[in-house]
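See below for data-v5.cif, which holds mmCIF, C-alpha atoms and all ligand atoms.
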data_final
#
loop_
_atom_site.label_atom_id
_atom_site.label_comp_id
_atom_site.auth_asym_id
_atom_site.auth_seq_id
_atom_site.Cartn_x
_atom_site.Cartn_y
_atom_site.Cartn_z
CA MET A 1 -53.41 -0.97 -9.79
CA GLU A 2 -52.41 0.73 -6.56
CA THR A 3 -48.85 1.98 -6.17
CA THR A 4 -47.59 1.11 -2.72
CA TYR A 5 -43.82 1.46 -2.87
CA CYS A 6 -41.39 4.12 -4.04
CA ASP A 7 -39.97 2.94 -7.37
CA ARG A 8 -36.54 4.39 -6.56
CA CYS A 9 -35.79 3.28 -3.00
CA GLY A 10 -38.39 0.53 -2.53
CA GLU A 11 -39.67 1.93 0.78
CA PRO A 12 -43.42 2.19 1.40
CA GLY A 13 -45.59 5.07 0.35
CA GLY A 14 -45.28 8.41 -1.41
CA GLY A 15 -45.32 11.80 0.29
CA ALA A 16 -42.60 14.22 1.24
CA ALA A 17 -40.25 11.47 2.46
CA HIS A 18 -39.64 10.58 -1.19
CA ASP A 19 -39.24 14.08 -2.63
CA GLY A 20 -35.53 13.38 -3.13
CA CYS A 21 -36.35 10.12 -4.89
CA ARG A 22 -38.80 11.84 -7.21
CA ALA A 23 -36.21 14.48 -8.12
CA ALA A 24 -33.54 11.83 -8.71
CA ARG A 25 -35.93 9.82 -10.90
CA GLU A 26 -35.75 12.57 -13.54
CA LEU A 27 -32.33 11.17 -14.39
CA GLU A 28 -32.78 7.53 -13.37
CA PRO A 29 -35.01 4.66 -14.41
CA PRO A 30 -37.16 3.00 -11.71
CA ARG A 31 -35.49 0.19 -9.78
CA PHE A 32 -38.33 -1.26 -7.66
CA CYS A 33 -41.78 -2.35 -8.72
CA ALA A 34 -44.21 0.14 -7.19
CA HIS A 35 -46.81 -2.60 -6.67
CA CYS A 36 -44.81 -5.39 -5.05
CA ARG A 37 -41.41 -3.84 -4.27
CA ARG A 38 -39.49 -6.50 -6.24
CA ARG A 39 -36.22 -5.26 -7.72
CA MET A 40 -36.87 -4.97 -11.44
CA LYS A 41 -34.62 -6.03 -14.31
CA VAL A 42 -33.69 -2.71 -15.84
CA GLN A 43 -31.99 -2.19 -19.20
CA VAL A 44 -30.89 1.32 -20.11
CA VAL A 45 -30.06 2.05 -23.78
CA PRO A 46 -29.05 5.41 -25.30
CA ALA A 47 -32.59 6.32 -26.33
CA GLY A 48 -34.66 4.79 -23.53
CA TRP A 49 -35.07 2.15 -20.82
CA THR A 50 -37.18 -0.86 -19.91
CA ALA A 51 -37.89 -2.11 -16.40
CA THR A 52 -39.47 -5.51 -15.86
CA CYS A 53 -41.15 -7.02 -12.81
CA VAL A 54 -41.77 -10.76 -13.19
CA GLU A 55 -45.19 -10.30 -11.64
CA HIS A 56 -46.33 -6.92 -12.94
CA GLY A 57 -44.84 -6.63 -16.40
CA THR A 58 -42.63 -4.14 -18.22
CA LEU A 59 -42.43 -0.35 -18.06
CA THR A 60 -40.62 1.75 -20.65
CA GLY A 61 -39.39 5.33 -20.80
CA HIS A 62 -36.79 7.70 -22.25
CA MET B 1 -7.59 38.71 -11.18
CA SER B 2 -5.05 37.67 -8.57
CA THR B 3 -1.34 37.89 -9.34
CA SER B 4 -0.51 34.21 -8.88
CA SER B 5 -3.36 33.19 -11.19
CA VAL B 6 -2.21 35.67 -13.80
CA SER B 7 1.06 33.88 -13.76
CA VAL B 8 -0.27 30.33 -14.09
CA LEU B 9 -2.63 31.28 -16.91
CA ASP B 10 0.14 33.31 -18.54
CA ARG B 11 2.46 30.36 -18.33
CA ALA B 12 -0.27 28.19 -19.82
CA ARG B 13 -0.78 30.65 -22.64
CA THR B 14 2.83 30.18 -23.72
CA ARG B 15 3.41 26.55 -22.91
CA VAL B 16 0.01 25.05 -23.77
CA LEU B 17 -1.63 27.37 -26.26
CA ALA B 18 1.44 28.43 -28.22
CA GLU B 19 3.59 25.30 -27.88
CA GLY B 20 1.00 22.55 -27.46
CA GLN B 21 2.58 21.08 -24.34
CA GLY B 22 0.52 20.19 -21.29
CA LEU B 23 0.93 21.89 -17.94
CA ASP B 24 2.99 20.06 -15.34
CA GLN B 25 1.48 18.78 -12.11
CA ALA B 26 2.34 21.88 -10.03
CA ASP B 27 0.67 24.19 -12.53
CA ILE B 28 -2.35 21.90 -12.89
CA LEU B 29 -2.76 22.21 -9.13
CA GLU B 30 -2.61 25.99 -9.40
CA VAL B 31 -5.41 25.94 -11.93
CA LEU B 32 -7.48 23.71 -9.61
CA ARG B 33 -6.92 26.31 -6.88
CA LEU B 34 -7.80 29.42 -8.90
CA PRO B 35 -10.14 31.85 -7.13
CA ASP B 36 -13.73 31.94 -8.36
CA GLU B 37 -13.26 35.15 -10.30
CA ASP B 38 -10.53 33.59 -12.45
CA ILE B 39 -12.59 30.57 -13.55
CA PRO B 40 -13.99 32.30 -16.69
CA ALA B 41 -10.46 33.21 -17.83
CA ALA B 42 -9.26 29.64 -17.24
CA LEU B 43 -12.18 28.21 -19.23
CA GLN B 44 -11.62 30.73 -22.00
CA LEU B 45 -7.97 29.75 -22.29
CA ALA B 46 -8.85 26.04 -22.20
CA HIS B 47 -11.31 26.70 -25.03
CA GLU B 48 -8.65 28.46 -27.10
CA VAL B 49 -6.30 25.54 -26.50
CA ARG B 50 -8.93 23.06 -27.64
CA MET B 51 -9.73 25.12 -30.77
CA ARG B 52 -6.06 25.51 -31.64
CA TRP B 53 -4.92 21.91 -31.03
CA CYS B 54 -8.11 19.90 -31.69
CA GLY B 55 -10.31 22.13 -33.81
CA PRO B 56 -14.00 23.02 -33.59
CA GLU B 57 -15.41 19.51 -34.19
CA VAL B 58 -17.13 17.72 -31.35
CA GLU B 59 -17.03 13.93 -31.20
CA VAL B 60 -20.42 12.49 -30.35
CA GLU B 61 -20.75 9.05 -28.81
CA GLY B 62 -23.45 6.74 -27.54
CA ILE B 63 -22.75 4.07 -24.93
CA VAL B 64 -24.63 0.94 -24.03
CA SER B 65 -24.35 -1.69 -21.36
CA LEU B 66 -24.08 -5.19 -22.84
CA LYS B 67 -23.87 -6.79 -19.40
CA THR B 68 -25.17 -4.78 -16.46
CA GLY B 69 -24.61 -5.35 -12.74
CA GLY B 70 -23.25 -8.29 -10.74
CA CYS B 71 -19.61 -7.22 -11.11
CA PRO B 72 -17.21 -8.97 -8.69
CA GLU B 73 -15.09 -5.82 -8.23
CA ASP B 74 -15.64 -3.24 -5.48
CA CYS B 75 -15.15 0.19 -7.09
CA HIS B 76 -16.76 2.27 -4.34
CA PHE B 77 -18.64 4.60 -6.70
CA CYS B 78 -20.22 1.89 -8.81
CA SER B 79 -23.84 0.76 -8.65
CA GLN B 80 -22.95 -2.27 -10.75
CA SER B 81 -20.74 -3.96 -8.18
CA GLY B 82 -22.35 -7.15 -6.89
CA LEU B 83 -20.69 -6.57 -3.52
CA PHE B 84 -22.92 -3.66 -2.42
CA SER B 85 -26.64 -3.50 -1.70
CA SER B 86 -27.29 -1.46 -4.85
CA PRO B 87 -30.73 -1.95 -6.46
CA VAL B 88 -29.13 -2.54 -9.89
CA ARG B 89 -29.84 -6.13 -11.00
CA SER B 90 -27.74 -8.19 -13.34
CA VAL B 91 -29.01 -8.22 -16.93
CA TRP B 92 -27.68 -8.95 -20.44
CA LEU B 93 -28.66 -7.04 -23.57
CA ASP B 94 -29.55 -9.28 -26.54
CA ILE B 95 -27.86 -8.77 -29.91
CA PRO B 96 -30.89 -7.37 -31.79
CA SER B 97 -31.30 -4.74 -29.05
CA LEU B 98 -27.58 -3.98 -29.22
CA VAL B 99 -27.81 -3.40 -32.98
CA LYS B 100 -30.89 -1.23 -32.49
CA ALA B 101 -29.04 0.88 -29.93
CA ALA B 102 -26.16 1.32 -32.40
CA GLU B 103 -28.61 2.34 -35.13
CA GLN B 104 -30.30 4.88 -32.86
CA THR B 105 -26.90 6.25 -31.88
CA ALA B 106 -25.81 6.58 -35.51
CA ALA B 107 -29.09 8.35 -36.31
CA THR B 108 -28.05 11.20 -33.99
CA GLY B 109 -24.98 11.77 -36.18
CA ALA B 110 -22.66 10.14 -33.64
CA SER B 111 -19.45 8.56 -34.95
CA GLU B 112 -18.77 6.41 -31.87
CA PHE B 113 -20.64 3.58 -30.21
CA CYS B 114 -19.12 2.07 -27.08
CA ILE B 115 -20.15 -1.34 -25.77
CA VAL B 116 -19.60 -1.70 -22.03
CA ALA B 117 -19.74 -4.69 -19.68
CA ALA B 118 -19.65 -4.70 -15.88
CA VAL B 119 -16.93 -7.31 -15.38
CA ARG B 120 -13.43 -7.66 -13.95
CA GLY B 121 -12.41 -8.84 -17.40
CA PRO B 122 -14.17 -10.72 -20.19
CA ASP B 123 -14.90 -14.47 -20.05
CA ALA B 124 -15.50 -16.70 -23.08
CA LYS B 125 -19.25 -15.94 -23.11
CA LEU B 126 -18.70 -12.19 -23.17
CA MET B 127 -16.05 -12.44 -25.90
CA GLN B 128 -18.46 -14.50 -28.01
CA GLN B 129 -21.24 -11.93 -27.46
CA MET B 130 -18.79 -9.24 -28.54
CA ARG B 131 -17.79 -11.15 -31.64
CA ASP B 132 -21.43 -11.68 -32.65
CA GLY B 133 -22.50 -8.20 -31.59
CA VAL B 134 -19.75 -6.23 -33.33
CA LYS B 135 -20.25 -8.24 -36.53
CA ALA B 136 -24.01 -7.59 -36.48
CA ILE B 137 -23.47 -3.87 -35.85
CA LYS B 138 -20.96 -3.57 -38.67
CA GLU B 139 -23.37 -5.26 -41.07
CA ALA B 140 -26.21 -2.94 -40.13
CA VAL B 141 -24.76 0.50 -39.50
CA ASP B 142 -21.78 2.75 -40.23
CA ILE B 143 -20.29 3.66 -36.88
CA ASN B 144 -16.99 3.19 -35.07
CA VAL B 145 -17.27 0.51 -32.40
CA ALA B 146 -15.43 0.93 -29.11
CA ALA B 147 -15.45 -1.38 -26.11
CA SER B 148 -15.02 -1.29 -22.36
CA LEU B 149 -14.78 -4.75 -20.86
CA GLY B 150 -12.39 -4.41 -17.94
CA MET B 151 -8.92 -5.88 -17.71
CA LEU B 152 -7.72 -7.87 -20.72
CA SER B 153 -5.26 -10.62 -21.53
CA GLN B 154 -3.02 -10.21 -24.58
CA GLU B 155 -5.14 -12.79 -26.40
CA GLN B 156 -8.30 -10.80 -25.72
CA VAL B 157 -6.63 -7.60 -26.92
CA ASP B 158 -5.75 -9.39 -30.15
CA ASP B 159 -9.30 -10.74 -30.50
CA LEU B 160 -10.81 -7.26 -30.12
CA VAL B 161 -8.47 -5.89 -32.80
CA ASP B 162 -9.53 -8.79 -34.99
CA MET B 163 -13.21 -7.95 -34.48
CA GLY B 164 -12.59 -4.39 -35.65
CA VAL B 165 -12.95 -2.64 -32.30
CA HIS B 166 -11.12 0.62 -32.94
CA ARG B 167 -10.86 2.09 -29.44
CA TYR B 168 -10.75 0.58 -25.97
CA ASN B 169 -11.91 2.31 -22.82
CA HIS B 170 -10.32 1.44 -19.51
CA ASN B 171 -10.44 4.17 -16.90
CA LEU B 172 -7.76 4.62 -14.29
CA GLU B 173 -10.64 6.25 -12.34
CA THR B 174 -8.42 8.31 -10.04
CA CYS B 175 -4.77 8.97 -9.30
CA ARG B 176 -2.44 6.21 -8.23
CA SER B 177 -2.12 7.46 -4.64
CA TYR B 178 -5.90 7.58 -4.04
CA PHE B 179 -6.87 4.43 -5.96
CA PRO B 180 -6.60 2.05 -2.97
CA ASN B 181 -9.19 4.20 -1.16
CA VAL B 182 -11.65 3.58 -3.98
CA VAL B 183 -10.92 0.04 -5.21
CA THR B 184 -9.48 -2.87 -3.23
CA THR B 185 -10.13 -5.86 -5.53
CA HIS B 186 -7.55 -4.88 -8.12
CA SER B 187 -4.73 -2.37 -8.44
CA TRP B 188 -4.06 0.78 -10.39
CA GLU B 189 -1.02 -0.98 -11.87
CA GLU B 190 -3.19 -3.81 -13.22
CA ARG B 191 -5.28 -1.21 -15.02
CA TRP B 192 -2.14 0.47 -16.33
CA SER B 193 -0.86 -2.80 -17.78
CA THR B 194 -4.10 -3.39 -19.72
CA LEU B 195 -3.75 0.14 -21.10
CA LYS B 196 -0.19 -0.57 -22.26
CA MET B 197 -1.33 -3.69 -24.10
CA VAL B 198 -4.15 -1.76 -25.75
CA ARG B 199 -1.75 0.98 -26.81
CA ASP B 200 0.72 -1.53 -28.27
CA SER B 201 -2.05 -3.26 -30.22
CA GLY B 202 -2.80 -0.16 -32.26
CA MET B 203 -6.28 0.33 -30.84
CA GLU B 204 -6.96 3.88 -29.68
CA VAL B 205 -6.69 4.32 -25.93
CA CYS B 206 -9.58 5.87 -24.03
CA CYS B 207 -8.79 6.43 -20.38
CA GLY B 208 -10.26 8.81 -17.86
CA GLY B 209 -11.98 8.66 -14.54
CA ILE B 210 -14.22 10.27 -11.99
CA ILE B 211 -13.69 13.56 -10.24
CA GLY B 212 -15.19 14.14 -6.80
CA LEU B 213 -14.50 10.76 -5.22
CA GLY B 214 -13.09 12.45 -2.10
CA GLU B 215 -9.62 12.97 -3.56
CA THR B 216 -7.71 16.11 -2.58
CA LEU B 217 -6.92 18.81 -5.14
CA GLU B 218 -3.30 17.58 -5.05
CA GLN B 219 -4.54 14.12 -5.99
CA ARG B 220 -6.75 15.53 -8.72
CA ALA B 221 -3.68 17.25 -10.18
CA GLU B 222 -1.71 14.02 -9.79
CA PHE B 223 -4.41 12.21 -11.76
CA ALA B 224 -4.33 14.71 -14.64
CA ALA B 225 -0.54 14.44 -14.79
CA GLN B 226 -0.69 10.63 -14.82
CA LEU B 227 -3.20 10.70 -17.65
CA ALA B 228 -0.94 13.07 -19.57
CA GLU B 229 1.90 10.59 -19.14
CA LEU B 230 -0.28 7.87 -20.69
CA GLU B 231 -1.17 10.15 -23.64
CA PRO B 232 -4.61 8.66 -24.27
CA ASP B 233 -6.46 9.45 -27.49
CA GLU B 234 -9.53 10.19 -25.40
CA VAL B 235 -10.17 11.14 -21.77
CA PRO B 236 -13.73 10.75 -20.50
CA LEU B 237 -14.33 13.02 -17.53
CA ASN B 238 -17.01 11.88 -15.11
CA PHE B 239 -18.24 13.71 -12.03
CA LEU B 240 -19.37 11.54 -9.15
CA ASN B 241 -23.09 10.89 -9.18
CA PRO B 242 -23.44 9.27 -5.73
CA ARG B 243 -25.31 6.00 -6.16
CA PRO B 244 -27.59 4.58 -3.45
CA GLY B 245 -26.17 1.55 -1.68
CA THR B 246 -22.54 2.16 -2.71
CA PRO B 247 -19.80 3.15 -0.23
CA LEU B 248 -19.76 6.62 -1.85
CA GLY B 249 -23.57 6.88 -1.82
CA ASP B 250 -23.49 9.68 0.77
CA GLN B 251 -20.61 11.63 -0.77
CA PRO B 252 -21.91 15.09 -1.71
CA VAL B 253 -22.20 16.05 -5.37
CA MET B 254 -19.13 18.15 -6.10
CA ASP B 255 -19.18 21.95 -6.16
CA PRO B 256 -19.93 23.03 -9.76
CA LYS B 257 -17.13 25.60 -9.59
CA ASP B 258 -14.65 22.85 -8.77
CA ALA B 259 -16.02 20.86 -11.69
CA LEU B 260 -15.36 23.82 -14.01
CA ARG B 261 -11.85 24.26 -12.61
CA ALA B 262 -11.25 20.56 -13.29
CA ILE B 263 -12.43 20.86 -16.90
CA ALA B 264 -10.06 23.76 -17.55
CA ALA B 265 -7.18 22.05 -15.72
CA PHE B 266 -7.57 18.75 -17.57
CA ARG B 267 -7.65 20.52 -20.93
CA LEU B 268 -4.54 22.49 -20.03
CA ALA B 269 -2.86 19.23 -19.01
CA LEU B 270 -3.95 17.44 -22.18
CA PRO B 271 -4.07 19.95 -25.04
CA ARG B 272 -4.52 17.45 -27.88
CA THR B 273 -6.73 14.75 -26.39
CA ILE B 274 -10.41 14.19 -27.05
CA LEU B 275 -11.81 15.42 -23.73
CA ARG B 276 -15.25 13.95 -23.27
CA TYR B 277 -18.06 14.99 -20.99
CA ALA B 278 -19.21 11.68 -19.55
CA GLY B 279 -21.44 10.88 -16.56
CA GLY B 280 -22.54 13.26 -13.82
CA ARG B 281 -22.50 16.50 -15.81
CA GLU B 282 -26.28 16.95 -15.48
CA ILE B 283 -26.39 16.48 -11.73
CA THR B 284 -23.19 18.47 -11.06
CA LEU B 285 -23.52 21.37 -13.49
CA GLY B 286 -27.18 21.41 -14.50
CA ASP B 287 -28.40 22.27 -17.99
CA LEU B 288 -26.08 25.25 -18.34
CA GLY B 289 -23.04 23.14 -17.55
CA THR B 290 -22.96 21.50 -20.94
CA ARG B 291 -22.57 24.88 -22.61
CA GLU B 292 -19.91 26.05 -20.14
CA GLY B 293 -17.93 22.84 -20.64
CA LEU B 294 -18.09 23.01 -24.44
CA LEU B 295 -16.79 26.57 -24.22
CA GLY B 296 -14.16 25.53 -21.66
CA GLY B 297 -12.11 22.77 -23.23
CA ILE B 298 -14.54 19.88 -23.73
CA ASN B 299 -14.70 18.60 -27.32
CA ALA B 300 -16.70 15.39 -27.04
CA VAL B 301 -19.96 14.31 -25.46
CA ILE B 302 -21.86 11.17 -24.61
CA VAL B 303 -25.37 11.73 -25.88
CA GLY B 304 -28.50 10.09 -24.59
CA ASN B 305 -28.53 7.80 -21.60
CA TYR B 306 -25.62 6.37 -19.65
CA LEU B 307 -25.24 2.78 -18.46
CA THR B 308 -27.57 2.78 -15.47
CA THR B 309 -28.66 6.44 -15.31
CA LEU B 310 -30.32 8.77 -17.80
CA GLY B 311 -28.89 11.77 -19.65
CA ARG B 312 -30.37 14.72 -21.45
CA PRO B 313 -32.09 13.84 -24.74
CA ALA B 314 -29.54 13.70 -27.58
CA THR B 315 -31.45 16.46 -29.37
CA SER B 316 -30.70 18.96 -26.56
CA ASP B 317 -26.97 18.46 -26.99
CA LEU B 318 -27.15 18.51 -30.79
CA GLU B 319 -29.15 21.73 -30.79
CA LEU B 320 -26.60 23.28 -28.48
CA LEU B 321 -23.73 22.24 -30.78
CA ALA B 322 -25.54 23.83 -33.72
CA GLU B 323 -26.06 27.02 -31.75
CA LEU B 324 -22.38 27.12 -30.76
CA LYS B 325 -21.42 26.47 -34.41
CA MET B 326 -19.43 23.42 -33.42
CA PRO B 327 -19.73 20.76 -36.13
CA VAL B 328 -20.30 17.15 -35.14
CA LYS B 329 -17.18 15.17 -36.07
CA ALA B 330 -18.08 13.09 -39.11
CA LEU B 331 -17.49 9.35 -39.25
CA SER B 332 -15.34 9.80 -42.37
CA ALA B 333 -12.99 12.08 -40.43
CA THR B 334 -12.12 9.24 -38.08
CA LEU B 335 -11.71 6.34 -40.53
S1 LIG C 401 -14.98 -3.00 -12.50
FE1 LIG C 401 -16.39 -1.56 -13.53
S2 LIG C 401 -18.45 -2.48 -13.32
FE2 LIG C 401 -17.09 -3.52 -11.88
S3 LIG C 401 -17.39 -2.42 -9.92
FE3 LIG C 401 -15.60 -1.48 -10.97
S4 LIG C 401 -16.45 0.22 -12.17
FE4 LIG C 401 -18.19 -1.13 -11.58
ZN ZN C 402 -38.06 6.70 -2.22
ZN ZN C 403 -44.23 -6.12 -9.24
#
Write out the structure in this file as structure tokens.
Ligand code: SF4
Ligand SMILES: [Zn+2]
Ligand SMILES: [Zn+2]
Amino acid sequence: METTYCDRCGEPGGGAAHDGCRAARELEPPRFCAHCRRRMKVQVVPAGWTATCVEHGTLTGH
Amino acid sequence: MSTSSVSVLDRARTRVLAEGQGLDQADILEVLRLPDEDIPAALQLAHEVRMRWCGPEVEVEGIVSLKTGGCPEDCHFCSQSGLFSSPVRSVWLDIPSLVKAAEQTAATGASEFCIVAAVRGPDAKLMQQMRDGVKAIKEAVDINVAASLGMLSQEQVDDLVDMGVHRYNHNLETCRSYFPNVVTTHSWEERWSTLKMVRDSGMEVCCGGIIGLGETLEQRAEFAAQLAELEPDEVPLNFLNPRPGTPLGDQPVMDPKDALRAIAAFRLALPRTILRYAGGREITLGDLGTREGLLGGINAVIVGNYLTTLGRPATSDLELLAELKMPVKALSATL
């Protein structure tokens, strides 16, 4: 599946404009679905996180 | 070392280290204004104070968000306010996941598990979730349960005691004089009155705040002095992590040297409290900051992730504690 949107700020595309977002994402879960830009339901727990888009499913991480 | 700083640290050596009394507001301010070259001496003294009055143990805690986002309040630093265009969506954690989070926290050796909800104060649904959740945790795992659910009524205080919640967190966030710049939907005094009820109930009081909200150094000193007046069992120290979409989203991350001055100053104001590294330490002080803090007055950490942001893996902190020969405070020591 193509990723179209930044998963931190929800704006289109990758590239240098989102360098700050990529750095911040080291210490943050994603907030926007990279495929459809919907805001995801995100649950952070001490040992991980889940982020769910109603259309594109659930991502997990630490 | 400059002469004035010699005198404030000398005064602290007598008053705080030898006698166990916190610095007053004027001296706290002097510590916050120390020149860069005096920061190591201030941290060293704060460390000696912590070792003398608290001991070498470090209290380890995990925190989890039971109800995230959609809060009706307007705390300008908070990504969970429903009043800003923050990307954080409202979500509830189910009880099995809550118990699993408590189990994972206990597995790190932590003695504390704090359940947090983004609310002005609890409603009947949240109190029921707490009742069910705390009971399920206590059946499954040995860990102290703390809670942070906003402002409470006396009845809710009594209910939390009844559930076996041993400590309640309610941060004053900042000093009284700066609070209206940061929160307009409730007052500092309303927070204070919840804290008084918690104190009178016998629950332990956990109360801290966030440094770097745009307060002046005078106001930072005022805040430390007001916390000292409250005499909380624990003070969580957060450093602002500016969140997108919040009114403080463009506030710069604070200068790491100022963060270190604040750690030393708060320890010298509060010699006997559990002083906890909470949110923002990674972004403000980097990986080395955890070590500097633990050798500068901090004696408690939140391990793993925070409520809406991520932390270092728990193992990194635990390995550091082992290297520093600081034992993790055992659950039995707190019961
Ligand atoms: S009351 Fe708590 S959750 Fe609500 S906006 Fe303030 S800090 Fe955030
Ligand atoms: Zn972006
Ligand atoms: Zn999607």
Can you tell me which residues sit at most 12 Å away from ligand ZN 402 (chain C), counting all atoms listed in the file, written as a ChimeraX atom specification? /A:4-25,30-34,37 /B:244
Check: What residues in chain A lie within 8 Å of chain B, counting all atoms listed in the file, written as an MDAnalysis selection string?
Finding: chainID A and resid 26:29 31:32 39:48 62
Would you list the residues that come within 6 Å of ligand LIG 401 (chain C)? Count all atoms listed in the file and give the answer as a PDB file with C-alpha atoms, in the coordinates of the input.
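Final output, selection_3.pdb:
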ATOM      1  CA  CYS B  71     -19.610  -7.220 -11.110  1.00  0.00           C
ATOM      2  CA  GLU B  73     -15.090  -5.820  -8.230  1.00  0.00           C
ATOM      3  CA  ASP B  74     -15.640  -3.240  -5.480  1.00  0.00           C
ATOM      4  CA  CYS B  75     -15.150   0.190  -7.090  1.00  0.00           C
ATOM      5  CA  CYS B  78     -20.220   1.890  -8.810  1.00  0.00           C
ATOM      6  CA  GLN B  80     -22.950  -2.270 -10.750  1.00  0.00           C
ATOM      7  CA  SER B  81     -20.740  -3.960  -8.180  1.00  0.00           C
ATOM      8  CA  ALA B 118     -19.650  -4.700 -15.880  1.00  0.00           C
ATOM      9  CA  VAL B 119     -16.930  -7.310 -15.380  1.00  0.00           C
ATOM     10  CA  ARG B 120     -13.430  -7.660 -13.950  1.00  0.00           C
TER      11      ARG B 120
END
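Atom CA of Ala224 of chain B to atom CA of Gln25 of chain B spans 7.5 Å [interatomic distance, one decimal].
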Taking all atoms listed in the file and a cut-off of 7 Å, can you tell me which residues surround ligand ZN 403 (chain C), written as a PDB file with C-alpha atoms, keeping the file's coordinate frame?
ATOM      1  CA  CYS A  33     -41.780  -2.350  -8.720  1.00  0.00           C
ATOM      2  CA  ALA A  34     -44.210   0.140  -7.190  1.00  0.00           C
ATOM      3  CA  HIS A  35     -46.810  -2.600  -6.670  1.00  0.00           C
ATOM      4  CA  CYS A  36     -44.810  -5.390  -5.050  1.00  0.00           C
ATOM      5  CA  ARG A  37     -41.410  -3.840  -4.270  1.00  0.00           C
ATOM      6  CA  ARG A  38     -39.490  -6.500  -6.240  1.00  0.00           C
ATOM      7  CA  CYS A  53     -41.150  -7.020 -12.810  1.00  0.00           C
ATOM      8  CA  VAL A  54     -41.770 -10.760 -13.190  1.00  0.00           C
ATOM      9  CA  GLU A  55     -45.190 -10.300 -11.640  1.00  0.00           C
ATOM     10  CA  HIS A  56     -46.330  -6.920 -12.940  1.00  0.00           C
TER      11      HIS A  56
END
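Atom pair atom CA of Trp53 of chain B / atom CA of Thr14 of chain B: separated by 13.5 Å.
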Worksheet item: Taking (-8.6, 15.7, -2.7) in the file's coordinates, which residues come within 12 Å, counting only C-alpha atoms, written as number ranges by chain?
Response: B: 29, 32-33, 174-175, 177-179, 181, 211-223, 254, 258, 262
The selected residues should be written to file as a PDB file, keeping the file's coordinate frame (atoms: C-alpha atoms).
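Writing done, so here's again-v3.pdb:
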ATOM      1  CA  LEU B  29      -2.760  22.210  -9.130  1.00  0.00           C
ATOM      2  CA  LEU B  32      -7.480  23.710  -9.610  1.00  0.00           C
ATOM      3  CA  ARG B  33      -6.920  26.310  -6.880  1.00  0.00           C
ATOM      4  CA  THR B 174      -8.420   8.310 -10.040  1.00  0.00           C
ATOM      5  CA  CYS B 175      -4.770   8.970  -9.300  1.00  0.00           C
ATOM      6  CA  SER B 177      -2.120   7.460  -4.640  1.00  0.00           C
ATOM      7  CA  TYR B 178      -5.900   7.580  -4.040  1.00  0.00           C
ATOM      8  CA  PHE B 179      -6.870   4.430  -5.960  1.00  0.00           C
ATOM      9  CA  ASN B 181      -9.190   4.200  -1.160  1.00  0.00           C
ATOM     10  CA  ILE B 211     -13.690  13.560 -10.240  1.00  0.00           C
ATOM     11  CA  GLY B 212     -15.190  14.140  -6.800  1.00  0.00           C
ATOM     12  CA  LEU B 213     -14.500  10.760  -5.220  1.00  0.00           C
ATOM     13  CA  GLY B 214     -13.090  12.450  -2.100  1.00  0.00           C
ATOM     14  CA  GLU B 215      -9.620  12.970  -3.560  1.00  0.00           C
ATOM     15  CA  THR B 216      -7.710  16.110  -2.580  1.00  0.00           C
ATOM     16  CA  LEU B 217      -6.920  18.810  -5.140  1.00  0.00           C
ATOM     17  CA  GLU B 218      -3.300  17.580  -5.050  1.00  0.00           C
ATOM     18  CA  GLN B 219      -4.540  14.120  -5.990  1.00  0.00           C
ATOM     19  CA  ARG B 220      -6.750  15.530  -8.720  1.00  0.00           C
ATOM     20  CA  ALA B 221      -3.680  17.250 -10.180  1.00  0.00           C
ATOM     21  CA  GLU B 222      -1.710  14.020  -9.790  1.00  0.00           C
ATOM     22  CA  PHE B 223      -4.410  12.210 -11.760  1.00  0.00           C
ATOM     23  CA  MET B 254     -19.130  18.150  -6.100  1.00  0.00           C
ATOM     24  CA  ASP B 258     -14.650  22.850  -8.770  1.00  0.00           C
ATOM     25  CA  ALA B 262     -11.250  20.560 -13.290  1.00  0.00           C
TER      26      ALA B 262
END
A straight line from atom CA of Asp162 of chain B to atom CA of Ser332 of chain B spans 20.8 Å
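Closest approach to Leu195 of chain B from the set B:Asp159, B:Asp132, B:Asp233, B:Glu48 is made by B:Asp233, with distances taken over all atoms listed in the file.
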| So which residues touch Cys207 of chain B within 8 Å, counting all atoms listed in the file, skipping near sequence neighbours fewer than 4 positions away, as a ChimeraX atom specification? | /B:169-172,227,232,234-236
Could you give me, as a compact mmCIF listing (two decimals) with C-alpha atoms, keeping the file's coordinate frame, the residues within 9 Å of segment 35-47 of chain B, counting all atoms listed in the file and dropping anything in the same chain fewer than 6 positions from it?
# COMPACT_ATOMS: atom_id res chain seq x y z
CA MET B 1 -7.59 38.71 -11.18
CA SER B 2 -5.05 37.67 -8.57
CA SER B 5 -3.36 33.19 -11.19
CA VAL B 6 -2.21 35.67 -13.80
CA LEU B 9 -2.63 31.28 -16.91
CA ALA B 12 -0.27 28.19 -19.82
CA ARG B 13 -0.78 30.65 -22.64
CA LEU B 17 -1.63 27.37 -26.26
CA LYS B 257 -17.13 25.60 -9.59
CA LEU B 260 -15.36 23.82 -14.01
CA ARG B 261 -11.85 24.26 -12.61
CA ILE B 263 -12.43 20.86 -16.90
CA ALA B 264 -10.06 23.76 -17.55
CA ALA B 265 -7.18 22.05 -15.72
CA PHE B 266 -7.57 18.75 -17.57
CA ARG B 267 -7.65 20.52 -20.93
CA LEU B 268 -4.54 22.49 -20.03
CA PRO B 271 -4.07 19.95 -25.04
CA GLU B 292 -19.91 26.05 -20.14
CA GLY B 293 -17.93 22.84 -20.64
CA LEU B 294 -18.09 23.01 -24.44
CA LEU B 295 -16.79 26.57 -24.22
CA GLY B 296 -14.16 25.53 -21.66
CA GLY B 297 -12.11 22.77 -23.23
CA ILE B 298 -14.54 19.88 -23.73
